[in-house]
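**Student:** Pasting in a structure now, in C-alpha cells, and then I'll have a few things to ask.
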Amino acid sequence: LLCRAFRKRGGDKLFEKEINSALAFQEKQPYRNAHFHFNNYLLHIERVEAYPTQKERTKEPELQKPIDELTLFYISDILKQSCGVLSVQAMMKKNYTMNFLEEVLAHVEITDYSKMPAIEIYFNVYKALSDLNEEKYFNQLKFLINKNWASFPPEESRAIYLLAVNCCIKRLNKGNRKYIREAFELYKSGLENKVLLENGVLSTFTYNNTSRLGLALEEIDWVEKFLEDYKPYLPYAERDNIFTYNMAYLNFKKPDYEKAMGLLQKVDFKDVLYNLDSRSMLLRIYYELGYYDALDSLLDSFNVYLGRRKDIGYHKDNYANLIRFVKKILKANLSDKAQRNKLIEEIEATQAIAEKPWLLEQLK
C-alpha cells in the first residue's frame, strides 16, 4: 500500500526504495505458502503499473515476474482449496466445481516444483486423498511435511498435518491397519513441532485421537504421559471431563477394569458420542468380568437410550447391532462349534456394527 501511494504521487525514488525493501523483506521471512506468492504478485504489479509514469525508463518492464507469481499463487491455492473439498465432500454429500483443477494437476505432474513447498505438499495431499490404493503420494507427503512444516504459518501447518491424518483415516476405514501407526506418528510429530495447538489450546478431537491411536498400538506408557502432559492445554470448560474419560479408556486397555469403571462414574456424558463409547466400554468390562446381571441391565438401558436419540445417525445401527449380538452370544451355547460358527458368519456379514473385532474375539 505504501508502494502504491508513492507510485500514485509520482515519488519514483521513494517508490523504488520501498518496493526493493518490501521484496527483500519477502525473501527473508520464513513462510512459502500461497500468500507469499500473492504478496510477490502484488509488489511486482506495482512495479509494472509504475513503469509508464516513471521519468527514467532505462529498461523494459518486468512483465514475466507478476505472471509467474500469480501462476504460483493460483496453482498452490487451487490445490489447497481442492484438498479441503476432497476431505469433506463425501461427508457433506455435495459436489463442488473446481474449474481447471484437472489441467493444474496435469501441469504439476510434468513440471519441477521441488522448490515450491506449497504446490508440492497440496499436490501430494490431493493425490493421496483421491487415490487410496496408491502409497507413493502419501509417502512423499510425509517426507515433504517433515522437510517443510516450518515453511507455513502455524495455523496452516496444523491444517496440513490434519489433512495428512485424514489420508490415514480414509485408508484405515478401508481396513489398512498400518495407517494406525502412520496417523499416530503424524500426531506425535505435530505435537513435537508445536503446531497442533491453536492459541495455546489443544482440541479435544486431537487429544482423543492421539490417545486412541497410541492405545491401539499398545503405547500405554507414552499415552499415559501424553494425557498428563497435555491436560493443561485442553479447553478449560471440558478439561477435567476429557482427561477423566481418556484415563478411563487407558485403564480399560491396560486392563484395569475396576479402575476404569470408577473413572467412568466421574465422567459427565453430555456429549452423545462419549455417552455411546462409555456405555460400550462398560458393556465389554461387564462381559469380561462376568458381571452378567449388570450386563443385562446395561443392555436394556442402552437399547432405551438408542431409541430416544434422534441425533446419532449411523451410530444407532452400529450400537443396536452390538447389543443384539451380545445378547445372542449370552444365549448361545459357545461350546457348540456350529452355533459359534453361525454367529461368526452373521457378525462378519453385518456391515454396521460397533466393536466387531471384539465380538469376533469372544467367539474364537
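Numbering starts fresh at 1 for the residues of each chain in the C-alpha cells, the chains themselves are lettered A, B, ... in the order given, and ligands are numbered from 1 as they appear.
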Run DSSP on the backbone and tell me which residues of region 51-243 of chain A come out as strand (DSSP E); list them as number ranges by chain.

**Tutor:** A: 197-198, 201-202

**Student:** Write down as a PyMOL selection string the residues belonging to region 34-230 of chain A that are assigned alpha helix (DSSP H) by DSSP computed on the backbone.

**Tutor:** chain A and resi 34-50+64-92+101-109+117-130+136-148+154-172+178-192+204-216+220-230

**Student:** Could you check the closest approach to Arg47 (chain A) for each of A:Pro117, A:Pro66, A:Pro153, A:Gly11 and tell me which residue wins, using only C-alpha atoms?

**Tutor:**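 When distances to Arg47 (chain A) are compared using only C-alpha atoms, the smallest one comes from A:Pro66.
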
**Student:** Could you check how far CA of Ile78 (chain A) sits from CA of Lys188 (chain A), in Å to one decimal?

**Tutor:**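 Separation between CA of Ile78 (chain A) and CA of Lys188 (chain A): 28.7 Å.
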
**Student:** Closest to Lys13 (chain A) among A:Tyr126, A:Tyr96, A:Ala50, A:Asn333, using only C-alpha atoms?

**Tutor:**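 Of A:Tyr126, A:Tyr96, A:Ala50, A:Asn333, the one nearest Lys13 (chain A) is A:Ala50, counting only C-alpha atoms.
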
**Student:** Excluding Asp240 (chain A) and any residue of its chain fewer than 4 positions from it, enumerate the residues within 12 Å of it, using only C-alpha atoms, and give them as a ChimeraX atom specification.

**Tutor:** /A:204,227-228,230-236,244-247,263,266-268

**Student:** Convert the current residue selection to file output with N, CA, C and O atoms, as a PDB file, in the first residue's frame.

**Tutor:**
```pdb
ATOM      1  N   THR A 204     -10.003 -31.101  21.690  1.00  0.00           N
ATOM      2  CA  THR A 204     -10.370 -32.394  22.272  1.00  0.00           C
ATOM      3  C   THR A 204     -10.299 -33.492  21.211  1.00  0.00           C
ATOM      4  O   THR A 204      -9.973 -34.641  21.517  1.00  0.00           O
ATOM      5  N   LEU A 227      -1.344 -37.908  28.142  1.00  0.00           N
ATOM      6  CA  LEU A 227      -2.590 -37.438  28.753  1.00  0.00           C
ATOM      7  C   LEU A 227      -2.313 -36.475  29.901  1.00  0.00           C
ATOM      8  O   LEU A 227      -2.998 -35.458  30.048  1.00  0.00           O
ATOM      9  N   GLU A 228      -1.316 -36.784  30.706  1.00  0.00           N
ATOM     10  CA  GLU A 228      -0.946 -35.909  31.828  1.00  0.00           C
ATOM     11  C   GLU A 228      -0.328 -34.608  31.332  1.00  0.00           C
ATOM     12  O   GLU A 228      -0.703 -33.514  31.779  1.00  0.00           O
ATOM     13  N   TYR A 230      -0.493 -33.026  28.439  1.00  0.00           N
ATOM     14  CA  TYR A 230      -1.302 -32.130  27.606  1.00  0.00           C
ATOM     15  C   TYR A 230      -2.661 -31.791  28.212  1.00  0.00           C
ATOM     16  O   TYR A 230      -3.417 -31.020  27.608  1.00  0.00           O
ATOM     17  N   LYS A 231      -2.948 -32.328  29.382  1.00  0.00           N
ATOM     18  CA  LYS A 231      -4.195 -31.965  30.063  1.00  0.00           C
ATOM     19  C   LYS A 231      -4.327 -30.448  30.237  1.00  0.00           C
ATOM     20  O   LYS A 231      -5.399 -29.886  29.982  1.00  0.00           O
ATOM     21  N   PRO A 232      -3.251 -29.727  30.653  1.00  0.00           N
ATOM     22  CA  PRO A 232      -3.390 -28.268  30.852  1.00  0.00           C
ATOM     23  C   PRO A 232      -3.721 -27.499  29.575  1.00  0.00           C
ATOM     24  O   PRO A 232      -4.151 -26.345  29.642  1.00  0.00           O
ATOM     25  N   TYR A 233      -3.521 -28.117  28.393  1.00  0.00           N
ATOM     26  CA  TYR A 233      -3.764 -27.418  27.129  1.00  0.00           C
ATOM     27  C   TYR A 233      -5.173 -27.658  26.585  1.00  0.00           C
ATOM     28  O   TYR A 233      -5.531 -27.088  25.554  1.00  0.00           O
ATOM     29  N   LEU A 234      -5.953 -28.499  27.257  1.00  0.00           N
ATOM     30  CA  LEU A 234      -7.329 -28.744  26.816  1.00  0.00           C
ATOM     31  C   LEU A 234      -8.201 -27.524  27.106  1.00  0.00           C
ATOM     32  O   LEU A 234      -7.894 -26.737  28.007  1.00  0.00           O
ATOM     33  N   PRO A 235      -9.312 -27.347  26.362  1.00  0.00           N
ATOM     34  CA  PRO A 235     -10.238 -26.251  26.666  1.00  0.00           C
ATOM     35  C   PRO A 235     -10.679 -26.326  28.126  1.00  0.00           C
ATOM     36  O   PRO A 235     -11.058 -27.401  28.605  1.00  0.00           O
ATOM     37  N   TYR A 236     -10.620 -25.198  28.812  1.00  0.00           N
ATOM     38  CA  TYR A 236     -10.816 -25.185  30.265  1.00  0.00           C
ATOM     39  C   TYR A 236     -12.137 -25.834  30.683  1.00  0.00           C
ATOM     40  O   TYR A 236     -12.180 -26.646  31.613  1.00  0.00           O
ATOM     41  N   THR A 244     -10.529 -37.333  32.346  1.00  0.00           N
ATOM     42  CA  THR A 244     -11.052 -38.500  33.076  1.00  0.00           C
ATOM     43  C   THR A 244     -11.542 -39.570  32.107  1.00  0.00           C
ATOM     44  O   THR A 244     -11.291 -40.772  32.286  1.00  0.00           O
ATOM     45  N   TYR A 245     -12.232 -39.133  31.066  1.00  0.00           N
ATOM     46  CA  TYR A 245     -12.744 -40.055  30.044  1.00  0.00           C
ATOM     47  C   TYR A 245     -11.596 -40.828  29.387  1.00  0.00           C
ATOM     48  O   TYR A 245     -11.657 -42.059  29.227  1.00  0.00           O
ATOM     49  N   ASN A 246     -10.524 -40.120  29.025  1.00  0.00           N
ATOM     50  CA  ASN A 246      -9.383 -40.780  28.382  1.00  0.00           C
ATOM     51  C   ASN A 246      -8.616 -41.677  29.350  1.00  0.00           C
ATOM     52  O   ASN A 246      -8.113 -42.731  28.954  1.00  0.00           O
ATOM     53  N   MET A 247      -8.528 -41.270  30.608  1.00  0.00           N
ATOM     54  CA  MET A 247      -7.872 -42.113  31.603  1.00  0.00           C
ATOM     55  C   MET A 247      -8.683 -43.392  31.851  1.00  0.00           C
ATOM     56  O   MET A 247      -8.119 -44.464  32.089  1.00  0.00           O
ATOM     57  N   LEU A 263     -13.499 -44.515  37.165  1.00  0.00           N
ATOM     58  CA  LEU A 263     -13.307 -43.255  36.428  1.00  0.00           C
ATOM     59  C   LEU A 263     -14.525 -42.923  35.570  1.00  0.00           C
ATOM     60  O   LEU A 263     -14.911 -41.757  35.455  1.00  0.00           O
ATOM     61  N   LYS A 266     -17.230 -40.854  37.009  1.00  0.00           N
ATOM     62  CA  LYS A 266     -16.968 -39.423  37.206  1.00  0.00           C
ATOM     63  C   LYS A 266     -17.139 -38.610  35.924  1.00  0.00           C
ATOM     64  O   LYS A 266     -17.010 -37.389  35.933  1.00  0.00           O
ATOM     65  N   VAL A 267     -17.385 -39.289  34.811  1.00  0.00           N
ATOM     66  CA  VAL A 267     -17.481 -38.602  33.519  1.00  0.00           C
ATOM     67  C   VAL A 267     -18.893 -38.062  33.319  1.00  0.00           C
ATOM     68  O   VAL A 267     -19.879 -38.754  33.590  1.00  0.00           O
ATOM     69  N   ASP A 268     -18.965 -36.808  32.864  1.00  0.00           N
ATOM     70  CA  ASP A 268     -20.246 -36.180  32.519  1.00  0.00           C
ATOM     71  C   ASP A 268     -20.541 -36.525  31.062  1.00  0.00           C
ATOM     72  O   ASP A 268     -19.770 -36.189  30.171  1.00  0.00           O
TER      73      ASP A 268
END
```

**Student:** At a cut-off of 12 Å, using only C-alpha atoms, what residues contact Phe252 (chain A)? Leave out same-chain residues fewer than 6 positions from it and give the result as a VMD selection string.

**Tutor:** chain A and resid 212 215 to 216 218 220 245 to 246 258 to 264 278 280 to 286 288 to 289

**Student:** When you look at Met116 (chain A) with a cut-off of 9 Å (counting only C-alpha atoms), what residues show up, excluding the ones that are within fewer than 4 positions of it in the same chain? I need them as a compact mmCIF listing (two decimals) with C-alpha atoms, in the first residue's frame.

**Tutor:**
```
# COMPACT_ATOMS: atom_id res chain seq x y z
CA ARG A 32 6.44 -20.01 1.48
CA ASN A 33 2.69 -20.58 1.25
CA LEU A 72 2.36 -19.98 -8.42
CA SER A 76 -0.92 -23.61 -4.86
CA ASP A 112 9.54 -29.30 -11.45
CA GLU A 120 4.29 -29.94 -3.74
CA ILE A 121 2.54 -30.54 -0.43
```

**Student:** Just the number, please: distance in Å from CA of Phe73 (chain A) to CA of Ala34 (chain A), one decimal.

**Tutor:** 4.9 Å

**Student:** What's the 8 Å shell around Leu213 (chain A), counting only C-alpha atoms, without same-chain residues fewer than 6 positions away, as a ChimeraX atom specification?

**Tutor:** /A:180-181,183-184

**Student:** Give me, as an NGL selection string, all polymer residues having an atom no more than 8 Å from Phe123 (chain A), counting only C-alpha atoms and skipping those fewer than 6 positions away in the same chain.

**Tutor:** :A and (79 or 105 or 108)

**Student:** Hey, can you check how far CA of Trp149 (chain A) sits from CA of Phe36 (chain A)?

**Tutor:**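 CA of Phe36 (chain A) lies 15.0 Å from CA of Trp149 (chain A).
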